[in-house]
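A short write-up of the structure that comes next.
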Amino acid sequence: MGLSMGQRVTLLKIDDCLAMTHRYELEVQAILEPEKVGYEGRWQRVAVVRQRGKRKGFYLDLAPDDILLDGWGLPFRADTEGGGVMAGNACYNLMGDPEAIRQCIESRAVFPVRESAKAKIIVGRSERTKCNDDGQALLYPEIETHHTVVNRLKESAGLAG
């Protein structure tokens with residue numbers, strides 16, 4: 001799909017400090033020639049963006065597993081946006097209808113979403129109220145991974161092979 005000037009996008013990111021999911025609504029202010037940045041070139045700088053409701057622009061540096069979707073107001077939220085329990089499990093913890101989320105990932109991705117990112121998407125229909133996996137499900141249980149949390153969810157659901 002690619003980026004365009006003025007395009008509104010939603011970034012899903014797992015932070016490096018607490019391994020929590022974050023969702024940012026951004027507006028593209030300038031498109032840059034992709035370049036490797038950061039320690040050992042681990043991120044790719046692709047644009048200058050402004051966060052919704054903020055005035056200051058900043059570089060959009062994407063990690064390999066970041067998910068960038070076209071549009072704002074998508075039909076899901078990150079668990080860090082609610083008033084319930086937040087998981088710091090290095091997975092994308094999203095709340096909403098699983099089919100609507102899958103449709104967004106499949107059809108609205110600005111750049112192709114890697115299998116390793118898809119394997120880490122955990123969906124709950126409502127906010128978490130307990131620090132366990134009740135009501136949580138993998139969006140892509142068929143994708144193989146070595147991620148401990150994902151494999152634990154597969155085992156508890158009887159999907160481990």
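By convention in this document, the chains of the structure tokens carry letters A, B, ... by their order, each chain's residues are numbered from 1, and ligands are numbered from 1 in the order they are shown.
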*Go through chain A and collect every residue that DSSP, computed from the backbone, puts in strand (DSSP E or B); the answer should be as a ChimeraX atom specification.*
/A:8-14,21-37,43-51,57-62,67-70,76-78,92-96,109,121-124,136-138
Could you list, with a cut-off of 10 Å and counting only C-alpha atoms, the residues of stretch 34-78 of chain A near stretch 107-116 of chain A, each shown with its nearest atom pair and the distance in Å rounded to one decimal, rows sorted by chain and ascending number, as JSON lines?
```
{"residue": "A:Pro64", "atom": "CA", "partner": "A:Arg114", "partner_atom": "CA", "distance": 7.7}
{"residue": "A:Asp65", "atom": "CA", "partner": "A:Arg114", "partner_atom": "CA", "distance": 6.4}
{"residue": "A:Asp66", "atom": "CA", "partner": "A:Val113", "partner_atom": "CA", "distance": 7.9}
{"residue": "A:Ile67", "atom": "CA", "partner": "A:Val113", "partner_atom": "CA", "distance": 6.2}
{"residue": "A:Leu68", "atom": "CA", "partner": "A:Val110", "partner_atom": "CA", "distance": 5.7}
{"residue": "A:Leu69", "atom": "CA", "partner": "A:Ala109", "partner_atom": "CA", "distance": 4.4}
{"residue": "A:Asp70", "atom": "CA", "partner": "A:Arg108", "partner_atom": "CA", "distance": 5.2}
{"residue": "A:Gly71", "atom": "CA", "partner": "A:Arg108", "partner_atom": "CA", "distance": 7.9}
{"residue": "A:Leu74", "atom": "CA", "partner": "A:Arg108", "partner_atom": "CA", "distance": 9.9}
```
Just write the chosen residues, N, CA, C and O atoms, as a tab-separated table (two decimals), in the first residue's frame.
```tsv
chain	number	residue	atom	x	y	z
A	64	PRO	N	11.00	-4.26	12.99
A	64	PRO	CA	10.52	-5.30	12.05
A	64	PRO	C	9.13	-5.85	12.37
A	64	PRO	O	8.37	-6.17	11.45
A	65	ASP	N	8.75	-5.94	13.64
A	65	ASP	CA	7.45	-6.51	14.00
A	65	ASP	C	6.37	-5.46	14.28
A	65	ASP	O	5.27	-5.81	14.70
A	66	ASP	N	6.66	-4.17	14.07
A	66	ASP	CA	5.63	-3.15	14.24
A	66	ASP	C	4.56	-3.34	13.17
A	66	ASP	O	4.84	-3.78	12.05
A	67	ILE	N	3.33	-2.99	13.53
A	67	ILE	CA	2.20	-3.11	12.60
A	67	ILE	C	1.67	-1.71	12.33
A	67	ILE	O	1.28	-1.00	13.26
A	68	LEU	N	1.66	-1.33	11.06
A	68	LEU	CA	1.16	-0.02	10.65
A	68	LEU	C	-0.06	-0.22	9.76
A	68	LEU	O	0.02	-0.85	8.71
A	69	LEU	N	-1.21	0.31	10.23
A	69	LEU	CA	-2.49	0.12	9.53
A	69	LEU	C	-3.02	1.46	9.02
A	69	LEU	O	-2.82	2.50	9.65
A	70	ASP	N	-3.71	1.41	7.90
A	70	ASP	CA	-4.29	2.61	7.31
A	70	ASP	C	-5.52	3.03	8.10
A	70	ASP	O	-6.38	2.20	8.39
A	71	GLY	N	-5.62	4.31	8.44
A	71	GLY	CA	-6.81	4.88	9.06
A	71	GLY	C	-6.73	5.02	10.56
A	71	GLY	O	-5.86	4.47	11.23
A	74	LEU	N	-9.97	2.58	14.31
A	74	LEU	CA	-10.15	1.16	13.96
A	74	LEU	C	-10.94	0.46	15.07
A	74	LEU	O	-10.96	0.92	16.22
```
*Go through A:Leu62, A:Val48, A:Tyr39, A:Arg102 and flag the residue nearest A:Ser4, using only C-alpha atoms for the distances.*
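When distances to A:Ser4 are compared using only C-alpha atoms, the smallest one comes from A:Val48.
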*What is the atom CA of A:Glu106 to atom CA of A:Glu27 distance in Å?*
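Calculated distance between atom CA of A:Glu106 and atom CA of A:Glu27 is 21.0 Å.
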*Mind checking DSSP for chain A and telling me the alpha helix (DSSP H) residues as a ChimeraX atom specification?*
/A:98-107,115-118,148-156
*asked:* What does the structure give for the distance between atom CA of A:Thr129 and atom CA of A:Leu12, in Å to one decimal?
replied: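 Pair atom CA of A:Thr129 / atom CA of A:Leu12 returns 22.2 Å.
Checking A:Asn89, A:Gln29, A:Thr80, A:Gln7 one by one against A:Asp133, counting only C-alpha atoms, you find the shortest gap at A:Asn89.
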*asked:* Could you check the closest approach to A:Ala63 for each of A:Lys120, A:Arg23, A:Arg152, A:Arg42 and tell me which residue wins, using only C-alpha atoms?
replied: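 Using only C-alpha atoms, A:Ala63 sits closest to A:Arg42.
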Determine, counting only C-alpha atoms, which protein, DNA and RNA residues have an atom within 12 Å of an atom of A:His146; residues of the same chain fewer than 2 positions away are not included. Present the result as an mmCIF file with N, CA, C and O atoms, in the first residue's frame.
```
data_model
loop_
_atom_site.group_PDB
_atom_site.id
_atom_site.type_symbol
_atom_site.label_atom_id
_atom_site.label_comp_id
_atom_site.auth_asym_id
_atom_site.auth_seq_id
_atom_site.Cartn_x
_atom_site.Cartn_y
_atom_site.Cartn_z
ATOM 1 N N SER A 116 5.903 -13.333 12.179
ATOM 2 C CA SER A 116 6.319 -13.283 13.577
ATOM 3 C C SER A 116 5.492 -12.271 14.370
ATOM 4 O O SER A 116 5.259 -12.459 15.563
ATOM 5 N N ALA A 119 1.856 -13.847 14.795
ATOM 6 C CA ALA A 119 1.849 -14.927 15.784
ATOM 7 C C ALA A 119 1.667 -14.399 17.204
ATOM 8 O O ALA A 119 1.208 -15.121 18.083
ATOM 9 N N LYS A 120 1.990 -13.118 17.432
ATOM 10 C CA LYS A 120 1.944 -12.529 18.778
ATOM 11 C C LYS A 120 0.677 -11.721 19.041
ATOM 12 O O LYS A 120 0.612 -11.012 20.033
ATOM 13 N N ILE A 143 0.109 -20.169 13.266
ATOM 14 C CA ILE A 143 1.492 -19.749 12.985
ATOM 15 C C ILE A 143 2.414 -20.282 14.070
ATOM 16 O O ILE A 143 2.181 -20.077 15.258
ATOM 17 N N GLU A 144 3.460 -20.975 13.651
ATOM 18 C CA GLU A 144 4.442 -21.535 14.583
ATOM 19 C C GLU A 144 5.359 -20.434 15.109
ATOM 20 O O GLU A 144 5.760 -19.543 14.364
ATOM 21 N N THR A 148 7.195 -17.846 24.246
ATOM 22 C CA THR A 148 6.730 -18.613 25.397
ATOM 23 C C THR A 148 5.264 -18.346 25.722
ATOM 24 O O THR A 148 4.499 -19.279 25.975
ATOM 25 N N VAL A 149 4.855 -17.095 25.750
ATOM 26 C CA VAL A 149 3.475 -16.756 26.083
ATOM 27 C C VAL A 149 2.511 -17.341 25.051
ATOM 28 O O VAL A 149 1.475 -17.911 25.403
ATOM 29 N N VAL A 150 2.849 -17.207 23.789
ATOM 30 C CA VAL A 150 1.995 -17.732 22.718
ATOM 31 C C VAL A 150 1.884 -19.246 22.830
ATOM 32 O O VAL A 150 0.786 -19.812 22.740
ATOM 33 N N ASN A 151 2.993 -19.929 23.057
ATOM 34 C CA ASN A 151 2.954 -21.388 23.169
ATOM 35 C C ASN A 151 2.181 -21.843 24.405
ATOM 36 O O ASN A 151 1.507 -22.873 24.366
ATOM 37 N N ARG A 152 2.244 -21.071 25.502
ATOM 38 C CA ARG A 152 1.453 -21.397 26.696
ATOM 39 C C ARG A 152 -0.042 -21.282 26.385
ATOM 40 O O ARG A 152 -0.843 -22.128 26.786
ATOM 41 N N LYS A 154 -1.410 -21.653 23.431
ATOM 42 C CA LYS A 154 -1.732 -22.768 22.551
ATOM 43 C C LYS A 154 -1.935 -24.049 23.367
ATOM 44 O O LYS A 154 -2.874 -24.817 23.116
ATOM 45 N N ALA A 160 -1.459 -27.006 20.938
ATOM 46 C CA ALA A 160 -0.021 -27.291 20.802
ATOM 47 C C ALA A 160 0.159 -28.588 20.065
ATOM 48 O O ALA A 160 -0.562 -29.557 20.260
#
```
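One finds atom CA of A:Gly83 at 26.4 Å from atom CA of A:Arg55.
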